[in-house]
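Chemist: Got a structure for you, protein-v2.txt, holding compact mmCIF, N, CA and C atoms.
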# COMPACT_ATOMS: atom_id res chain seq x y z
N MET K 1 0.84 -1.18 0.00
CA MET K 1 0.00 0.00 0.00
C MET K 1 0.88 1.24 0.00
N ASN K 2 0.42 2.23 -0.67
CA ASN K 2 1.17 3.45 -0.84
C ASN K 2 0.31 4.61 -0.32
N ALA K 3 0.29 4.77 1.00
CA ALA K 3 -0.61 5.76 1.59
C ALA K 3 0.07 6.51 2.72
N PHE K 4 -0.36 7.73 2.91
CA PHE K 4 0.08 8.59 4.00
C PHE K 4 -1.12 8.71 4.93
N PHE K 5 -0.99 8.19 6.16
CA PHE K 5 -2.08 8.25 7.12
C PHE K 5 -1.81 9.34 8.13
N HIS K 6 -2.83 10.14 8.36
CA HIS K 6 -2.75 11.23 9.33
C HIS K 6 -3.63 10.88 10.52
N HIS K 7 -3.01 10.81 11.70
CA HIS K 7 -3.75 10.58 12.94
C HIS K 7 -3.70 11.89 13.73
N ASP K 8 -4.85 12.47 14.01
CA ASP K 8 -4.92 13.76 14.68
C ASP K 8 -5.74 13.63 15.95
N SER K 9 -5.08 13.74 17.11
CA SER K 9 -5.79 13.61 18.39
C SER K 9 -6.55 14.88 18.76
N MET K 10 -6.41 15.93 17.96
CA MET K 10 -7.21 17.15 18.10
C MET K 10 -7.83 17.41 16.74
N GLU K 11 -8.77 16.59 16.38
CA GLU K 11 -9.35 16.54 15.04
C GLU K 11 -9.55 17.92 14.42
N GLY K 12 -8.93 18.07 13.25
CA GLY K 12 -9.08 19.30 12.50
C GLY K 12 -7.99 20.33 12.72
N VAL K 13 -7.22 20.21 13.76
CA VAL K 13 -6.22 21.22 14.08
C VAL K 13 -5.01 21.15 13.14
N ASN K 14 -4.59 19.94 12.78
CA ASN K 14 -3.35 19.78 12.02
C ASN K 14 -3.55 19.36 10.57
N GLY K 15 -4.77 19.34 10.09
CA GLY K 15 -5.05 18.85 8.75
C GLY K 15 -4.27 19.56 7.66
N SER K 16 -4.23 20.88 7.68
CA SER K 16 -3.53 21.61 6.62
C SER K 16 -2.03 21.37 6.68
N HIS K 17 -1.48 21.23 7.89
CA HIS K 17 -0.05 20.94 8.04
C HIS K 17 0.29 19.54 7.56
N ALA K 18 -0.60 18.58 7.84
CA ALA K 18 -0.39 17.21 7.37
C ALA K 18 -0.43 17.16 5.85
N LEU K 19 -1.34 17.91 5.24
CA LEU K 19 -1.39 17.96 3.77
C LEU K 19 -0.12 18.56 3.18
N LYS K 20 0.45 19.58 3.84
CA LYS K 20 1.70 20.17 3.37
C LYS K 20 2.84 19.15 3.47
N LEU K 21 2.88 18.39 4.57
CA LEU K 21 3.90 17.36 4.73
C LEU K 21 3.73 16.29 3.65
N PHE K 22 2.50 15.84 3.44
CA PHE K 22 2.22 14.87 2.39
C PHE K 22 2.71 15.38 1.05
N ASP K 23 2.42 16.63 0.75
CA ASP K 23 2.83 17.22 -0.51
C ASP K 23 4.35 17.21 -0.65
N SER K 24 5.06 17.42 0.47
CA SER K 24 6.52 17.44 0.44
C SER K 24 7.14 16.05 0.28
N VAL K 25 6.49 15.02 0.83
CA VAL K 25 7.10 13.68 0.82
C VAL K 25 6.52 12.74 -0.23
N LYS K 26 5.45 13.12 -0.87
CA LYS K 26 4.79 12.18 -1.80
C LYS K 26 5.69 11.75 -2.94
N GLY K 27 6.62 12.56 -3.34
CA GLY K 27 7.55 12.19 -4.39
C GLY K 27 8.44 11.01 -4.00
N PHE K 28 8.60 10.78 -2.71
CA PHE K 28 9.41 9.67 -2.22
C PHE K 28 8.56 8.42 -2.01
N MET K 29 7.25 8.56 -2.10
CA MET K 29 6.33 7.45 -1.84
C MET K 29 5.90 6.73 -3.10
N GLY K 30 5.99 7.34 -4.25
CA GLY K 30 5.55 6.72 -5.49
C GLY K 30 5.28 7.78 -6.53
N THR K 31 4.91 7.34 -7.72
CA THR K 31 4.71 8.29 -8.81
C THR K 31 3.27 8.69 -9.02
N ASP K 32 2.31 7.81 -8.71
CA ASP K 32 0.90 8.15 -8.87
C ASP K 32 0.45 8.98 -7.68
N SER K 33 -0.36 9.96 -7.91
CA SER K 33 -0.77 10.84 -6.82
C SER K 33 -2.25 11.15 -6.88
N LEU K 34 -2.86 11.09 -5.73
CA LEU K 34 -4.23 11.59 -5.57
C LEU K 34 -4.09 12.90 -4.83
N GLU K 35 -3.95 13.96 -5.57
CA GLU K 35 -3.70 15.26 -4.98
C GLU K 35 -4.86 15.71 -4.09
N PRO K 36 -4.57 16.03 -2.82
CA PRO K 36 -5.62 16.64 -2.02
C PRO K 36 -5.84 18.07 -2.50
N SER K 37 -7.06 18.44 -2.68
CA SER K 37 -7.39 19.76 -3.18
C SER K 37 -7.58 20.73 -2.03
N PRO K 38 -6.88 21.88 -2.04
CA PRO K 38 -7.08 22.87 -0.98
C PRO K 38 -8.53 23.29 -0.85
N SER K 39 -9.30 23.23 -1.94
CA SER K 39 -10.70 23.63 -1.88
C SER K 39 -11.54 22.62 -1.12
N LYS K 40 -11.00 21.42 -0.88
CA LYS K 40 -11.74 20.41 -0.15
C LYS K 40 -11.49 20.47 1.36
N LEU K 41 -10.81 21.50 1.80
CA LEU K 41 -10.55 21.66 3.22
C LEU K 41 -11.64 22.50 3.85
N SER K 42 -12.03 22.11 5.05
CA SER K 42 -13.01 22.91 5.78
C SER K 42 -12.29 24.09 6.41
N SER K 43 -13.01 24.92 7.11
CA SER K 43 -12.40 26.06 7.76
C SER K 43 -11.44 25.64 8.85
N LYS K 44 -11.57 24.41 9.36
CA LYS K 44 -10.64 23.91 10.37
C LYS K 44 -9.41 23.28 9.74
N GLY K 45 -9.32 23.27 8.42
CA GLY K 45 -8.17 22.70 7.75
C GLY K 45 -8.26 21.20 7.60
N ARG K 46 -9.41 20.62 7.77
CA ARG K 46 -9.58 19.18 7.74
C ARG K 46 -9.96 18.72 6.34
N SER K 47 -9.34 17.66 5.90
CA SER K 47 -9.64 17.10 4.59
C SER K 47 -11.03 16.50 4.59
N LYS K 48 -11.72 16.61 3.47
CA LYS K 48 -13.04 16.01 3.33
C LYS K 48 -12.95 14.57 2.83
N ARG K 49 -11.74 14.04 2.72
CA ARG K 49 -11.58 12.66 2.26
C ARG K 49 -12.20 11.70 3.28
N LYS K 50 -12.54 10.53 2.81
CA LYS K 50 -13.21 9.53 3.64
C LYS K 50 -12.32 9.10 4.79
N LYS K 51 -12.88 9.06 5.98
CA LYS K 51 -12.17 8.56 7.15
C LYS K 51 -11.99 7.07 7.02
N ILE K 52 -10.87 6.58 7.51
CA ILE K 52 -10.57 5.17 7.44
C ILE K 52 -10.80 4.54 8.81
N SER K 53 -11.50 3.44 8.82
CA SER K 53 -11.60 2.63 10.03
C SER K 53 -11.19 1.23 9.65
N GLY K 54 -11.08 0.35 10.62
CA GLY K 54 -10.58 -0.98 10.37
C GLY K 54 -11.31 -1.77 9.30
N SER K 55 -12.57 -1.49 9.02
CA SER K 55 -13.33 -2.32 8.09
C SER K 55 -13.46 -1.72 6.69
N GLU K 56 -12.96 -0.54 6.45
CA GLU K 56 -13.15 0.12 5.17
C GLU K 56 -11.94 -0.08 4.26
N THR K 57 -11.60 -1.33 3.96
CA THR K 57 -10.39 -1.63 3.21
C THR K 57 -10.46 -1.27 1.75
N GLU K 58 -11.65 -1.11 1.17
CA GLU K 58 -11.74 -0.80 -0.25
C GLU K 58 -11.11 0.54 -0.59
N VAL K 59 -11.07 1.47 0.36
CA VAL K 59 -10.48 2.77 0.13
C VAL K 59 -8.97 2.65 0.00
N LEU K 60 -8.39 1.59 0.54
CA LEU K 60 -6.95 1.45 0.59
C LEU K 60 -6.33 1.03 -0.73
N ALA K 61 -7.11 0.82 -1.77
CA ALA K 61 -6.59 0.37 -3.05
C ALA K 61 -5.94 1.48 -3.86
N ALA K 62 -6.06 2.72 -3.46
CA ALA K 62 -5.49 3.84 -4.20
C ALA K 62 -3.97 3.73 -4.27
N PRO K 63 -3.38 4.05 -5.43
CA PRO K 63 -1.93 3.94 -5.58
C PRO K 63 -1.15 4.85 -4.62
N LEU K 64 -1.56 6.07 -4.45
CA LEU K 64 -0.92 6.99 -3.51
C LEU K 64 -2.00 7.93 -3.00
N SER K 65 -2.12 8.02 -1.70
CA SER K 65 -3.21 8.84 -1.18
C SER K 65 -2.90 9.38 0.20
N PHE K 66 -3.64 10.39 0.57
CA PHE K 66 -3.63 10.98 1.91
C PHE K 66 -4.92 10.57 2.58
N MET K 67 -4.83 9.97 3.77
CA MET K 67 -6.04 9.50 4.45
C MET K 67 -6.01 9.88 5.93
N GLU K 68 -7.17 10.26 6.42
CA GLU K 68 -7.33 10.54 7.84
C GLU K 68 -7.59 9.22 8.56
N GLY K 69 -6.76 8.90 9.54
CA GLY K 69 -6.96 7.70 10.32
C GLY K 69 -7.88 7.97 11.50
N SER K 70 -8.68 6.99 11.84
CA SER K 70 -9.54 7.10 13.02
C SER K 70 -8.63 7.22 14.25
N THR K 71 -8.81 8.28 15.02
CA THR K 71 -7.89 8.57 16.12
C THR K 71 -8.65 8.99 17.38
N PRO K 72 -8.33 8.37 18.53
CA PRO K 72 -8.94 8.83 19.79
C PRO K 72 -8.57 10.29 20.02
N GLN K 73 -9.47 11.03 20.63
CA GLN K 73 -9.27 12.46 20.84
C GLN K 73 -8.79 12.76 22.26
N GLN K 74 -7.79 13.62 22.35
CA GLN K 74 -7.28 14.02 23.67
C GLN K 74 -8.30 14.90 24.37
N THR K 75 -8.19 14.95 25.69
CA THR K 75 -9.17 15.68 26.48
C THR K 75 -8.72 17.09 26.85
N ASN K 76 -7.52 17.48 26.40
CA ASN K 76 -7.03 18.81 26.72
C ASN K 76 -6.21 19.32 25.54
N GLY K 77 -5.67 20.50 25.66
CA GLY K 77 -4.94 21.10 24.55
C GLY K 77 -3.43 20.95 24.62
N TYR K 78 -2.91 20.12 25.53
CA TYR K 78 -1.46 20.07 25.68
C TYR K 78 -0.85 18.67 25.70
N ASP K 79 -1.63 17.63 25.53
CA ASP K 79 -1.08 16.28 25.57
C ASP K 79 -0.90 15.64 24.19
N CYS K 80 -0.83 16.45 23.14
CA CYS K 80 -0.71 15.89 21.80
C CYS K 80 0.57 15.06 21.65
N GLY K 81 1.67 15.50 22.25
CA GLY K 81 2.92 14.74 22.16
C GLY K 81 2.79 13.35 22.76
N LEU K 82 2.05 13.23 23.85
CA LEU K 82 1.82 11.93 24.47
C LEU K 82 1.01 11.03 23.55
N TYR K 83 0.04 11.61 22.87
CA TYR K 83 -0.77 10.84 21.92
C TYR K 83 0.07 10.41 20.72
N VAL K 84 0.93 11.30 20.25
CA VAL K 84 1.81 10.95 19.13
C VAL K 84 2.67 9.75 19.51
N MET K 85 3.27 9.79 20.70
CA MET K 85 4.13 8.67 21.13
C MET K 85 3.33 7.39 21.31
N ALA K 86 2.15 7.48 21.91
CA ALA K 86 1.32 6.29 22.14
C ALA K 86 0.86 5.68 20.81
N ILE K 87 0.45 6.52 19.88
CA ILE K 87 -0.02 6.03 18.57
C ILE K 87 1.16 5.44 17.78
N ALA K 88 2.30 6.11 17.80
CA ALA K 88 3.49 5.60 17.10
C ALA K 88 3.91 4.25 17.67
N ARG K 89 3.84 4.10 18.98
CA ARG K 89 4.19 2.82 19.61
C ARG K 89 3.27 1.70 19.11
N ILE K 90 1.97 1.98 19.08
CA ILE K 90 1.02 0.96 18.62
C ILE K 90 1.31 0.56 17.17
N ILE K 91 1.53 1.54 16.31
CA ILE K 91 1.81 1.25 14.90
C ILE K 91 3.08 0.41 14.77
N CYS K 92 4.13 0.78 15.48
CA CYS K 92 5.39 0.03 15.42
C CYS K 92 5.22 -1.39 15.96
N GLN K 93 4.48 -1.55 17.07
CA GLN K 93 4.24 -2.88 17.62
C GLN K 93 3.48 -3.74 16.62
N ARG K 94 2.48 -3.19 15.97
CA ARG K 94 1.69 -3.95 15.00
C ARG K 94 2.53 -4.36 13.80
N HIS K 95 3.38 -3.47 13.33
CA HIS K 95 4.24 -3.81 12.20
C HIS K 95 5.26 -4.88 12.59
N ALA K 96 5.74 -4.84 13.83
CA ALA K 96 6.71 -5.84 14.28
C ALA K 96 6.06 -7.21 14.45
N LYS K 97 4.77 -7.25 14.82
CA LYS K 97 4.08 -8.51 15.08
C LYS K 97 3.56 -9.19 13.82
N THR K 98 3.28 -8.43 12.77
CA THR K 98 2.72 -9.02 11.57
C THR K 98 3.62 -8.73 10.39
N SER K 99 3.70 -9.67 9.48
CA SER K 99 4.59 -9.49 8.34
C SER K 99 4.17 -8.33 7.45
N LYS K 100 2.88 -8.06 7.37
CA LYS K 100 2.40 -6.97 6.53
C LYS K 100 1.96 -5.77 7.34
N GLY K 101 1.93 -5.87 8.68
CA GLY K 101 1.50 -4.74 9.49
C GLY K 101 0.13 -4.24 9.11
N SER K 102 -0.86 -5.11 9.14
CA SER K 102 -2.19 -4.77 8.63
C SER K 102 -2.73 -3.49 9.24
N ILE K 103 -3.34 -2.69 8.39
CA ILE K 103 -3.91 -1.43 8.81
C ILE K 103 -5.06 -1.65 9.78
N GLU K 104 -5.88 -2.67 9.51
CA GLU K 104 -6.99 -2.96 10.41
C GLU K 104 -6.46 -3.23 11.82
N SER K 105 -5.34 -3.95 11.90
CA SER K 105 -4.74 -4.29 13.18
C SER K 105 -4.31 -3.03 13.93
N TRP K 106 -3.66 -2.09 13.23
CA TRP K 106 -3.19 -0.92 13.95
C TRP K 106 -4.33 0.02 14.28
N PHE K 107 -5.32 0.18 13.41
CA PHE K 107 -6.45 1.05 13.74
C PHE K 107 -7.23 0.54 14.94
N SER K 108 -7.50 -0.75 14.98
CA SER K 108 -8.26 -1.29 16.12
C SER K 108 -7.43 -1.22 17.39
N ALA K 109 -6.12 -1.43 17.29
CA ALA K 109 -5.25 -1.33 18.47
C ALA K 109 -5.20 0.10 18.99
N ILE K 110 -5.16 1.07 18.09
CA ILE K 110 -5.15 2.47 18.52
C ILE K 110 -6.45 2.78 19.25
N GLU K 111 -7.58 2.38 18.67
CA GLU K 111 -8.87 2.66 19.30
C GLU K 111 -8.99 1.96 20.66
N LYS K 112 -8.39 0.78 20.79
CA LYS K 112 -8.49 0.01 22.03
C LYS K 112 -7.54 0.52 23.12
N HIS K 113 -6.30 0.87 22.74
CA HIS K 113 -5.28 1.16 23.74
C HIS K 113 -4.96 2.63 23.96
N VAL K 114 -5.32 3.48 23.03
CA VAL K 114 -5.04 4.91 23.20
C VAL K 114 -6.32 5.57 23.69
N THR K 115 -6.40 5.69 25.00
CA THR K 115 -7.57 6.25 25.67
C THR K 115 -7.12 7.46 26.49
N PRO K 116 -8.03 8.20 27.07
CA PRO K 116 -7.60 9.33 27.91
C PRO K 116 -6.65 8.92 29.04
N SER K 117 -6.66 7.64 29.42
CA SER K 117 -5.72 7.21 30.47
C SER K 117 -4.27 7.28 29.98
N VAL K 118 -4.06 7.32 28.65
CA VAL K 118 -2.71 7.43 28.12
C VAL K 118 -2.06 8.73 28.57
N GLU K 119 -2.89 9.74 28.82
CA GLU K 119 -2.35 11.02 29.26
C GLU K 119 -1.57 10.87 30.55
N MET K 120 -2.06 10.05 31.47
CA MET K 120 -1.34 9.85 32.73
C MET K 120 -0.26 8.77 32.61
N THR K 121 -0.61 7.64 31.99
CA THR K 121 0.36 6.55 31.93
C THR K 121 1.57 6.91 31.07
N MET K 122 1.36 7.51 29.94
CA MET K 122 2.48 7.88 29.07
C MET K 122 3.30 8.99 29.71
N ARG K 123 2.64 9.94 30.36
CA ARG K 123 3.37 11.02 31.04
C ARG K 123 4.27 10.42 32.11
N SER K 124 3.76 9.47 32.89
CA SER K 124 4.57 8.83 33.94
C SER K 124 5.73 8.05 33.33
N GLU K 125 5.46 7.36 32.24
CA GLU K 125 6.51 6.59 31.58
C GLU K 125 7.62 7.50 31.05
N VAL K 126 7.24 8.59 30.41
CA VAL K 126 8.23 9.53 29.88
C VAL K 126 9.04 10.16 31.02
N MET K 127 8.37 10.54 32.09
CA MET K 127 9.08 11.11 33.24
C MET K 127 10.05 10.09 33.83
N GLY K 128 9.64 8.82 33.90
CA GLY K 128 10.53 7.76 34.39
C GLY K 128 11.76 7.60 33.51
N LEU K 129 11.56 7.65 32.19
CA LEU K 129 12.70 7.56 31.27
C LEU K 129 13.65 8.74 31.44
N ILE K 130 13.10 9.91 31.62
CA ILE K 130 13.93 11.10 31.83
C ILE K 130 14.73 10.95 33.12
N GLN K 131 14.10 10.49 34.18
CA GLN K 131 14.79 10.27 35.46
C GLN K 131 15.90 9.24 35.31
N ASP K 132 15.61 8.13 34.61
CA ASP K 132 16.63 7.10 34.39
C ASP K 132 17.83 7.67 33.63
N LEU K 133 17.58 8.46 32.61
CA LEU K 133 18.68 9.07 31.85
C LEU K 133 19.44 10.06 32.71
N ARG K 134 18.75 10.81 33.52
CA ARG K 134 19.40 11.76 34.41
C ARG K 134 20.30 11.04 35.42
N ASN K 135 19.85 9.91 35.93
CA ASN K 135 20.60 9.14 36.92
C ASN K 135 21.82 8.45 36.33
N LYS K 136 21.85 8.25 35.03
CA LYS K 136 23.00 7.60 34.38
C LYS K 136 24.20 8.52 34.24
N ASP K 137 24.00 9.81 34.40
CA ASP K 137 25.12 10.77 34.27
C ASP K 137 26.01 10.76 35.45
Hey, can you dump this file as structure tokens for me?
Modeler:
Amino acid sequence: MNAFFHHDSMEGVNGSHALKLFDSVKGFMGTDSLEPSPSKLSSKGRSKRKKISGSETEVLAAPLSFMEGSTPQQTNGYDCGLYVMAIARIICQRHAKTSKGSIESWFSAIEKHVTPSVEMTMRSEVMGLIQDLRNKD
């Protein structure tokens, strides 16, 4: 599959930035392109393209595309980094466990494991890592 998936824990906030990143890297992803149209963006910068969930695999047949991934929403305006780390961890774990890293597997895992509790558990984990690194000096 040749797709760029955008997971936004503050739905609509980063859509235009994700499209700019996609535009910058798409040349490295393949030659066919489904150009996102700036006119298809809402006032929040969100793409009007179809949202992807674990069961909507027919959308994934596009040669190169930008897709919004189903993403749990954070409960405040400052924990986006924690959500990025938690979502990246799930995606990496799923790719390591399966030979093809099925998209359905990572989407369902994100929905199951990335909950508002990640805000506390991930924050504690990151603080613990920082303390461990500090103690090694």
Chemist: Rounded to one decimal, what separation in Å do you get between CA of Gly81 in chain K and CA of Val126 in chain K?
Modeler: 10.7 Å
Chemist: In Å, how far is it from atom N of Asn135 in chain K to CA of Ile90 in chain K?
Modeler: 27.1 Å
Chemist: Would you work out the distance separating atom C of Asn76 in chain K from CA of Gln131 in chain K, expressed in Å to one decimal?
Modeler: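 Atom-to-atom, atom C of Asn76 in chain K and CA of Gln131 in chain K are spaced 24.9 Å apart.
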Chemist: Return the single residue from K:Gln74, K:Ser105, K:Gln93, K:Met85 that is closest to Glu11 in chain K, with distances computed using only N, CA and C atoms.
Modeler: K:Gln74
Chemist: From the list K:Val114, K:Leu129, K:Val25, K:Met10, which residue is nearest Tyr78 in chain K when using only C-alpha atoms?
Modeler: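 Among the listed residues, K:Met10 lies closest to Tyr78 in chain K.
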Chemist: From the set K:Asp79, K:Glu111, K:Asp137, K:Glu68, which residue has the shortest atom-to-atom contact distance to His6 in chain K, counting all atoms listed in the file?
Modeler: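 Ranking K:Asp79, K:Glu111, K:Asp137, K:Glu68 by distance to His6 in chain K, first place goes to K:Glu68.
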Chemist: Point out the residue among K:Leu64, K:Lys20, K:Glu119, K:Ile130 with the least atom-to-atom distance to Gly77 in chain K, counting only C-alpha atoms.
Modeler: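 Counting only C-alpha atoms, the residue closest to Gly77 in chain K is K:Glu119.
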